[in-house]
Amino acid sequence: MKIVACIKRVPSTDTRVKVGADGSSIDTAQVEWIINPYDEFAVEAALRVKEAAGAGEVIVVSLGPAEAARELRTCLAMGADRALLLKDADASRRDALATASVLAAALRELAPDLVLCGKLAIDHDQGQVGLLLAHLLGMPCVTEIVKLSVAGGTATVERAGDGGTTERHEVALPAVLTCQKGLNEPRYANLKGIMAAKKKPLEERDAGPIAARLEVAGLELPPARAEGRIIGEGAAAVDELVRLLRDEAKVI
Amino acid sequence: MAGEIVVVAEQVRGALKSAALQAMTAGAQLAAQHGTTALAVVAGPGAEQAAPALGEHGAARVLALDVDTADRAAWAAAIAGAVAGLQPAAVLLAHTTLGKDLGPRLAALLDAPMASDCIAIRSEGGAIIARRPVYAGKALVHVAGAGGMLVASLRPNALAARKAPAAGTLESAAVTPAKTGLGDVLKEVLASAQKKIELTEAGVIVSGGRGLKGPENFAMIEELAAALGAAVGASRAVVDAGWRPHAEQVGQTGKTVAPQLYIAVGISGAIQHLAGMRTSKYIVAINKDPEAPIFKVADYGIVGDAFEVVPRLTAAVKALKAQG
């Protein structure tokens with residue numbers, strides 16, 4: 001069974017965002033880079049599916065700058081068998097459609113049985129690539145899965161519906177699934193894994209020209225919230241709070 | 001009419017979601033700015049009953065599609081089939097569980113770029129421009145489709161629903177989309193133990209954090225929420241501790257919410273939590289620690305013991321509601 005996990009190199013969650021000189025992207029000078037956390041669930045899920053099947057291959061793919069080879073090595077250290085870096089120095093500026101197109105071309109060649117990615121990337125927060133990729137590959141897609149089992153060419157998954165409900169889907173493979181928090185706890189690469197990763201294949205290719213379909217007209221910091229105030233201490237302040245919520249904020 | 005603004009409106013048994021009415025309002029306003037009209041598309045049992053409300057909120061036309069909504073790929077194909085020939089300037093959806101799924105499928109079928117989770121959308125110089133948060137809301141970008149149609153999903157509660165009556169002429173279309181051959185079968189929907197208000201669409205949220213000291217103390221959060229008709233939220237700490245389900249987590253790795261009123265109880269206000277709720281219209285913080293970062297974003301703060309403040313607040317809210 002051939003399983004592909006797609007990952008993205010993104011700024012860490014505690015990055016302080018500054019507007020870059022071009023006014024349409026962030027200043028990356030002091031950014032710490034990590035594997036998109038939701039993609040870690042995807043890599044872990046791929047490894048578990050392979051382990052449960054007793055055989056197979058896990059390939060990790062990323063569209064990213066040359067430095068993203070580091071993130072791919074980490075996935076190899078976790079246990080993936082090989083990695084493919086589609087190199088683009090401007091990868092993070094690509095919109096979802098442009099990204100999915102590049103990934104789809106590479107994945108078509110690989111002909112996977114299962115494709116896993118994170119539900120969204122924490123830089124752009126769009127959550128589209130999984131569905132777009134599935135469309136381009138002609139595969140079904142279920143997003144935001146929190147449970148996964150694979151047997152006999154079918155994936156059985158669960159995801160959250162509205163109001164606390166749970167949906168259960170059965171999907172015929174090959175399929176694309178996007179991963180939500182709660183699906184699993186990604187393993188840490190241990191020393192043995194890190195050593196083994198050095199010998200595993202990591203292929204690098206140029207991503208090729210990518211046509212951007214979404215233009216960024218500008219990037220700005222969000223407006224600051226108006227100063228609030230502490231209105232009092234303890235239960236004694238409650239009546240004043242209720243008054244303010246009713247008369248000033250008019251929300252109750 | 002070419003260049004219409006299409007709004008995919010989500011309804012359940014004839015009743016439109018508030019997020020759908022917000023999207024309809026946004027679509028109607030956008031259409032007016034863009035010099036065109038708005039077309040609403042609805043599907044599922046009861047779709048036709050939603051037409052009057054859509055008309056009231058600005059739909060010039062309402063298209064009711066007869067399609068099996070359990071198959072989202074087929075549903076998206078039906079919508080795309082119905083609107084592609086119209087060459088809409090934009091296709092809007094609410095950024096709900098459904099919208100997050102249908103939107104990108106529509107974008108792919110229509111070969112159009114999509115902007116997700118937008119907080120504003122406008123027509124400027126003949127182009128449709130959307131504003132949306134990135135980096136967990138630490139920045140905002142303005143994006144436009146590079147020549148042509150834009151699909152955009154709108155964050156619930158980012159925009160208000162408003163009546164702006166238009167013709168709302170209802171048209172129905174029975175659709176038999178070619179079997180997509182995409183083998184995804186929705187087997188069953190398991191209801192949760194109690195009917196819960198969907199967090200991302202709630203107008204009021206009461207959220208609890210580690211300051212509550214234990215899962216049993218969430219009972220008073222639930223009681224306050226019930227009194228307010230609010231949804232219950234939670235910080236990452238209490239979800240990781242197993243006190244509350246992940247579905248209630250508000251924050252960078254949880255849900256992003258923008259209610260009219262967000263009450264944070266015993267939540268310190270870590271950056272990752274703020275990322276999920278900082279665009280709430282009004283924020284109330286109740287915390288023992290006057291230095292807690294949450295007070296910096298709160299419109300109204302009470303420094304005190306949650307175990308004294310919350311029951312008192314619940315009683316006061318109940319009394320207020322009783323006065324009617």
# chains A, B, ... in the order shown; residues from 1 in each chain; ligands from 1
call {"tool": "interface_residues", "arguments": {"of": "chain B", "to": "chain A", "cutoff": "6 Å", "atoms": "only C-alpha atoms", "output": "count of residues only"}}
result
38
call {"tool": "residues_around", "arguments": {"residues": "stretch 44-49 of chain A", "least_positions_apart": "3", "cutoff": "8 Å", "atoms": "only C-alpha atoms", "output": "PDB file with C-alpha atoms, in the first residue's frame"}}
result
ATOM      1  CA  ILE A   3       0.607   6.238   1.337  1.00  0.00           C
ATOM      2  CA  VAL A   4       1.524   9.853   0.698  1.00  0.00           C
ATOM      3  CA  ALA A   5       1.558  12.466   3.453  1.00  0.00           C
ATOM      4  CA  GLU A  40       2.141  15.979  11.748  1.00  0.00           C
ATOM      5  CA  PHE A  41      -1.152  14.189  12.401  1.00  0.00           C
ATOM      6  CA  ALA A  52      -1.443  -1.853  10.706  1.00  0.00           C
ATOM      7  CA  ALA A  53      -1.222  -3.234   7.177  1.00  0.00           C
ATOM      8  CA  VAL A  58       5.049   6.080   3.308  1.00  0.00           C
ATOM      9  CA  GLY A  79       9.562   6.560  10.034  1.00  0.00           C
ATOM     10  CA  ALA A  80       8.578   7.656   6.540  1.00  0.00           C
ATOM     11  CA  LEU A 116      -3.143  12.395   3.958  1.00  0.00           C
ATOM     12  CA  LEU A 148      -9.227   6.427  10.766  1.00  0.00           C
ATOM     13  CA  SER A 149      -9.071   2.743   9.979  1.00  0.00           C
ATOM     14  CA  VAL A 150      -8.263   1.127   6.667  1.00  0.00           C
ATOM     15  CA  LEU A 183      -6.736  11.910  15.256  1.00  0.00           C
ATOM     16  CA  ASN A 184      -3.541  10.793  16.958  1.00  0.00           C
ATOM     17  CA  GLU A 185      -0.510  11.892  18.975  1.00  0.00           C
ATOM     18  CA  PRO A 186       2.420  12.215  16.557  1.00  0.00           C
ATOM     19  CA  ARG A 187       5.487  10.272  17.646  1.00  0.00           C
TER      20      ARG A 187
END
call {"tool": "closest_residue", "arguments": {"among": "B:Pro156, B:Gly55, B:Gly81, B:Gly35", "to": "B:Ala94", "atoms": "only C-alpha atoms"}}
result
B:Pro156
call {"tool": "closest_residue", "arguments": {"among": "A:Gly193, A:Gly118, A:Gly208, A:Gly152", "to": "A:Val176", "atoms": "only C-alpha atoms"}}
result
A:Gly118
call {"tool": "atom_distance", "arguments": {"atom1": "atom CA of B:Leu261", "atom2": "atom CA of B:Ala136"}}
result
19.9 Å
